[in-house]
$ cat model-v5.pdb   # PDB, C-alpha atoms
ATOM      1  CA  MET A   1      24.086  -2.801   4.319  1.00  0.00           C
ATOM      2  CA  ARG A   2      23.732  -2.401   0.568  1.00  0.00           C
ATOM      3  CA  ALA A   3      24.666  -6.046   0.032  1.00  0.00           C
ATOM      4  CA  PHE A   4      22.003  -7.122   2.504  1.00  0.00           C
ATOM      5  CA  LEU A   5      19.394  -4.957   0.794  1.00  0.00           C
ATOM      6  CA  SER A   6      20.327  -6.213  -2.657  1.00  0.00           C
ATOM      7  CA  ALA A   7      19.827  -9.786  -1.460  1.00  0.00           C
ATOM      8  CA  HIS A   8      16.527  -9.047   0.304  1.00  0.00           C
ATOM      9  CA  TRP A   9      14.939  -6.220  -1.707  1.00  0.00           C
ATOM     10  CA  SER A  10      11.880  -8.285  -2.626  1.00  0.00           C
ATOM     11  CA  ILE A  11      11.160  -9.104   1.008  1.00  0.00           C
ATOM     12  CA  LEU A  12      11.351  -5.409   1.915  1.00  0.00           C
ATOM     13  CA  ALA A  13       9.064  -4.437  -0.965  1.00  0.00           C
ATOM     14  CA  LEU A  14       6.546  -7.140  -0.044  1.00  0.00           C
ATOM     15  CA  TRP A  15       6.654  -6.057   3.580  1.00  0.00           C
ATOM     16  CA  CYS A  16       5.828  -2.463   2.575  1.00  0.00           C
ATOM     17  CA  LEU A  17       2.948  -3.722   0.447  1.00  0.00           C
ATOM     18  CA  PHE A  18       1.672  -5.937   3.281  1.00  0.00           C
ATOM     19  CA  ALA A  19       1.932  -3.158   5.884  1.00  0.00           C
ATOM     20  CA  SER A  20       0.202  -0.722   3.518  1.00  0.00           C
ATOM     21  CA  LEU A  21      -2.679  -3.107   2.885  1.00  0.00           C
ATOM     22  CA  ILE A  22      -3.103  -3.707   6.611  1.00  0.00           C
ATOM     23  CA  ASP A  23      -2.991   0.013   7.421  1.00  0.00           C
ATOM     24  CA  PHE A  24      -5.477   0.792   4.628  1.00  0.00           C
ATOM     25  CA  ALA A  25      -7.861  -1.857   5.961  1.00  0.00           C
ATOM     26  CA  LEU A  26      -7.441  -0.643   9.535  1.00  0.00           C
ATOM     27  CA  MET A  27      -8.316   2.914   8.509  1.00  0.00           C
ATOM     28  CA  GLY A  28     -11.506   1.668   6.839  1.00  0.00           C
ATOM     29  CA  LEU A  29     -12.402  -0.537   9.776  1.00  0.00           C
ATOM     30  CA  ASP A  30     -11.800   2.258  12.274  1.00  0.00           C
ATOM     31  CA  LYS A  31     -13.958   4.637  10.246  1.00  0.00           C
ATOM     32  CA  ARG A  32     -16.740   2.054  10.196  1.00  0.00           C
ATOM     33  CA  LYS A  33     -16.455   1.574  13.948  1.00  0.00           C
ATOM     34  CA  ALA A  34     -16.482   5.344  14.475  1.00  0.00           C
ATOM     35  CA  ARG A  35     -19.746   5.671  12.567  1.00  0.00           C
ATOM     36  CA  ARG A  36     -21.314   2.884  14.633  1.00  0.00           C
ATOM     37  CA  GLU A  37     -19.906   4.309  17.883  1.00  0.00           C
ATOM     38  CA  ASP A  38     -18.262   0.948  18.514  1.00  0.00           C
ATOM     39  CA  TRP A  39     -14.906   0.005  20.047  1.00  0.00           C
ATOM     40  CA  ARG A  40     -12.166   1.822  18.116  1.00  0.00           C
ATOM     41  CA  ILE A  41      -8.745   0.814  16.883  1.00  0.00           C
ATOM     42  CA  PRO A  42      -6.122   2.686  18.929  1.00  0.00           C
ATOM     43  CA  GLU A  43      -4.241   5.391  17.054  1.00  0.00           C
ATOM     44  CA  ARG A  44      -0.947   3.839  18.097  1.00  0.00           C
ATOM     45  CA  VAL A  45      -1.835   0.732  16.049  1.00  0.00           C
ATOM     46  CA  LEU A  46      -2.469   2.863  12.961  1.00  0.00           C
ATOM     47  CA  TRP A  47       0.827   4.673  13.539  1.00  0.00           C
ATOM     48  CA  ALA A  48       2.716   1.430  14.175  1.00  0.00           C
ATOM     49  CA  PHE A  49       1.834   0.012  10.759  1.00  0.00           C
ATOM     50  CA  ALA A  50       2.544   3.357   9.106  1.00  0.00           C
ATOM     51  CA  LEU A  51       5.959   3.571  10.761  1.00  0.00           C
ATOM     52  CA  LEU A  52       6.773  -0.016   9.812  1.00  0.00           C
ATOM     53  CA  GLY A  53       6.382   0.615   6.095  1.00  0.00           C
ATOM     54  CA  GLY A  54       2.665   1.108   5.627  1.00  0.00           C
ATOM     55  CA  GLY A  55       2.656   4.869   5.241  1.00  0.00           C
ATOM     56  CA  VAL A  56       1.288   4.712   1.704  1.00  0.00           C
ATOM     57  CA  GLY A  57      -1.651   2.527   2.707  1.00  0.00           C
ATOM     58  CA  GLY A  58      -2.361   4.665   5.752  1.00  0.00           C
ATOM     59  CA  PHE A  59      -2.342   7.825   3.692  1.00  0.00           C
ATOM     60  CA  LEU A  60      -4.544   6.308   0.985  1.00  0.00           C
ATOM     61  CA  GLY A  61      -6.920   4.951   3.625  1.00  0.00           C
ATOM     62  CA  MET A  62      -7.073   8.334   5.296  1.00  0.00           C
ATOM     63  CA  ARG A  63      -8.009   9.966   1.973  1.00  0.00           C
ATOM     64  CA  CYS A  64     -10.299   7.212   0.701  1.00  0.00           C
ATOM     65  CA  PHE A  65     -12.334   6.878   3.901  1.00  0.00           C
ATOM     66  CA  ARG A  66     -11.975  10.554   4.935  1.00  0.00           C
ATOM     67  CA  HIS A  67     -10.781   9.376   8.307  1.00  0.00           C
ATOM     68  CA  LYS A  68      -8.466  11.130  10.792  1.00  0.00           C
ATOM     69  CA  THR A  69      -8.200  14.145   8.478  1.00  0.00           C
ATOM     70  CA  ARG A  70      -8.877  16.644  11.267  1.00  0.00           C
ATOM     71  CA  HIS A  71      -5.906  15.521  13.347  1.00  0.00           C
ATOM     72  CA  TRP A  72      -2.836  17.526  12.312  1.00  0.00           C
ATOM     73  CA  TYR A  73      -0.482  14.701  13.209  1.00  0.00           C
ATOM     74  CA  PHE A  74      -2.269  12.362  10.805  1.00  0.00           C
ATOM     75  CA  ARG A  75      -2.776  15.032   8.139  1.00  0.00           C
ATOM     76  CA  TYR A  76       0.946  15.799   7.983  1.00  0.00           C
ATOM     77  CA  GLY A  77       2.513  12.660   9.427  1.00  0.00           C
ATOM     78  CA  PHE A  78       0.974  10.055   7.135  1.00  0.00           C
ATOM     79  CA  PRO A  79       1.874  11.876   3.899  1.00  0.00           C
ATOM     80  CA  LEU A  80       5.415  12.324   5.213  1.00  0.00           C
ATOM     81  CA  LEU A  81       5.701   8.615   5.983  1.00  0.00           C
ATOM     82  CA  ALA A  82       4.231   7.762   2.578  1.00  0.00           C
ATOM     83  CA  VAL A  83       6.860   9.908   0.853  1.00  0.00           C
ATOM     84  CA  LEU A  84       9.615   8.302   2.928  1.00  0.00           C
ATOM     85  CA  ASP A  85       8.342   4.801   2.109  1.00  0.00           C
ATOM     86  CA  LEU A  86       8.155   5.582  -1.599  1.00  0.00           C
ATOM     87  CA  ALA A  87      11.591   7.210  -1.530  1.00  0.00           C
ATOM     88  CA  GLY A  88      12.996   4.086   0.096  1.00  0.00           C
ATOM     89  CA  LEU A  89      11.450   1.874  -2.561  1.00  0.00           C
ATOM     90  CA  VAL A  90      12.782   4.139  -5.321  1.00  0.00           C
ATOM     91  CA  TRP A  91      16.188   3.919  -3.675  1.00  0.00           C
ATOM     92  CA  LEU A  92      15.894   0.121  -3.898  1.00  0.00           C
ATOM     93  CA  LEU A  93      15.011   0.158  -7.624  1.00  0.00           C
ATOM     94  CA  PRO A  94      18.649   0.128  -8.828  1.00  0.00           C
ATOM     95  CA  LEU A  95      19.207  -2.937  -6.667  1.00  0.00           C
ATOM     96  CA  TRP A  96      16.204  -4.617  -8.261  1.00  0.00           C
ATOM     97  CA  ASN A  97      17.281  -3.745 -11.777  1.00  0.00           C
ATOM     98  CA  GLY A  98      20.811  -4.905 -11.053  1.00  0.00           C
ATOM     99  CA  LEU A  99      19.742  -8.470 -10.289  1.00  0.00           C
TER     100      LEU A  99
END

$ encode --input "model-v5.pdb" --output "structure tokens"
Amino acid sequence: MRAFLSAHWSILALWCLFASLIDFALMGLDKRKARREDWRIPERVLWAFALLGGGVGGFLGMRCFRHKTRHWYFRYGFPLLAVLDLAGLVWLLPLWNGL
């Protein structure tokens, strides 16, 4: 597994960045739709991107747009996923430096 990760660390890091950007944008879009009382983005979509590596973007979007902050599962779940994503990237740093 470590050999696979050392060969593909950049793809994993880019995926986390991509998923975070998407989740951040989705949080902003959903907040905008909530204000306009328009069709909303399902919570499972927000969670899917957060679980697939976009926890940092979801957490930052939640804080930046003040969105989903009343739901305990977002308030505690997104920061936890953000910490796990960052811990995974920190774990990959020695692989990046070793190349």

$ residues_near_point --input "model-v5.pdb" --point "(4.3, 5.0, 0.5)" --cutoff "12 Å" --atoms "all atoms listed in the file" --output "PDB file with C-alpha atoms, in the coordinates of the input"
ATOM      1  CA  ALA A  13       9.064  -4.437  -0.965  1.00  0.00           C
ATOM      2  CA  TRP A  15       6.654  -6.057   3.580  1.00  0.00           C
ATOM      3  CA  CYS A  16       5.828  -2.463   2.575  1.00  0.00           C
ATOM      4  CA  LEU A  17       2.948  -3.722   0.447  1.00  0.00           C
ATOM      5  CA  PHE A  18       1.672  -5.937   3.281  1.00  0.00           C
ATOM      6  CA  ALA A  19       1.932  -3.158   5.884  1.00  0.00           C
ATOM      7  CA  SER A  20       0.202  -0.722   3.518  1.00  0.00           C
ATOM      8  CA  LEU A  21      -2.679  -3.107   2.885  1.00  0.00           C
ATOM      9  CA  ASP A  23      -2.991   0.013   7.421  1.00  0.00           C
ATOM     10  CA  PHE A  24      -5.477   0.792   4.628  1.00  0.00           C
ATOM     11  CA  PHE A  49       1.834   0.012  10.759  1.00  0.00           C
ATOM     12  CA  ALA A  50       2.544   3.357   9.106  1.00  0.00           C
ATOM     13  CA  LEU A  51       5.959   3.571  10.761  1.00  0.00           C
ATOM     14  CA  LEU A  52       6.773  -0.016   9.812  1.00  0.00           C
ATOM     15  CA  GLY A  53       6.382   0.615   6.095  1.00  0.00           C
ATOM     16  CA  GLY A  54       2.665   1.108   5.627  1.00  0.00           C
ATOM     17  CA  GLY A  55       2.656   4.869   5.241  1.00  0.00           C
ATOM     18  CA  VAL A  56       1.288   4.712   1.704  1.00  0.00           C
ATOM     19  CA  GLY A  57      -1.651   2.527   2.707  1.00  0.00           C
ATOM     20  CA  GLY A  58      -2.361   4.665   5.752  1.00  0.00           C
ATOM     21  CA  PHE A  59      -2.342   7.825   3.692  1.00  0.00           C
ATOM     22  CA  LEU A  60      -4.544   6.308   0.985  1.00  0.00           C
ATOM     23  CA  GLY A  61      -6.920   4.951   3.625  1.00  0.00           C
ATOM     24  CA  GLY A  77       2.513  12.660   9.427  1.00  0.00           C
ATOM     25  CA  PHE A  78       0.974  10.055   7.135  1.00  0.00           C
ATOM     26  CA  PRO A  79       1.874  11.876   3.899  1.00  0.00           C
ATOM     27  CA  LEU A  80       5.415  12.324   5.213  1.00  0.00           C
ATOM     28  CA  LEU A  81       5.701   8.615   5.983  1.00  0.00           C
ATOM     29  CA  ALA A  82       4.231   7.762   2.578  1.00  0.00           C
ATOM     30  CA  VAL A  83       6.860   9.908   0.853  1.00  0.00           C
ATOM     31  CA  LEU A  84       9.615   8.302   2.928  1.00  0.00           C
ATOM     32  CA  ASP A  85       8.342   4.801   2.109  1.00  0.00           C
ATOM     33  CA  LEU A  86       8.155   5.582  -1.599  1.00  0.00           C
ATOM     34  CA  ALA A  87      11.591   7.210  -1.530  1.00  0.00           C
ATOM     35  CA  GLY A  88      12.996   4.086   0.096  1.00  0.00           C
ATOM     36  CA  LEU A  89      11.450   1.874  -2.561  1.00  0.00           C
ATOM     37  CA  VAL A  90      12.782   4.139  -5.321  1.00  0.00           C
TER      38      VAL A  90
END

$ residues_around --input "model-v5.pdb" --residues "region 66-71 of chain A" --least-positions-apart "5" --cutoff "8 Å" --atoms "only C-alpha atoms" --output "number ranges by chain"
A: 27-28, 31, 61

$ residues_around --input "model-v5.pdb" --residues "Arg40 (chain A)" --least-positions-apart "2" --cutoff "9 Å" --atoms "all atoms listed in the file" --output "list in words"
Leu29, Asp30, Lys31, Lys33, Ala34, Glu37, Asp38, Pro42 and Glu43 of chain A

$ atom_distance --input "model-v5.pdb" --atom1 "CA of Trp47 (chain A)" --atom2 "CA of Pro94 (chain A)"
29.0 Å

$ atom_distance --input "model-v5.pdb" --atom1 "CA of Arg63 (chain A)" --atom2 "CA of Trp91 (chain A)"
25.6 Å

$ axis_aligned_box --input "model-v5.pdb" --around "region 53-63 of chain A" --padding-each-side "4 Å" --output "JSON"
{"center_x": -0.8, "center_y": 5.3, "center_z": 3.5, "size_x": 22.4, "size_y": 17.4, "size_z": 13.1}

$ closest_residue --input "model-v5.pdb" --among "A:Cys64, A:Ala25, A:Leu92, A:Ile41" --to "Ala7 (chain A)" --atoms "all atoms listed in the file"
A:Leu92

$ atom_distance --input "model-v5.pdb" --atom1 "CA of Leu14 (chain A)" --atom2 "CA of Trp72 (chain A)"
29.1 Å
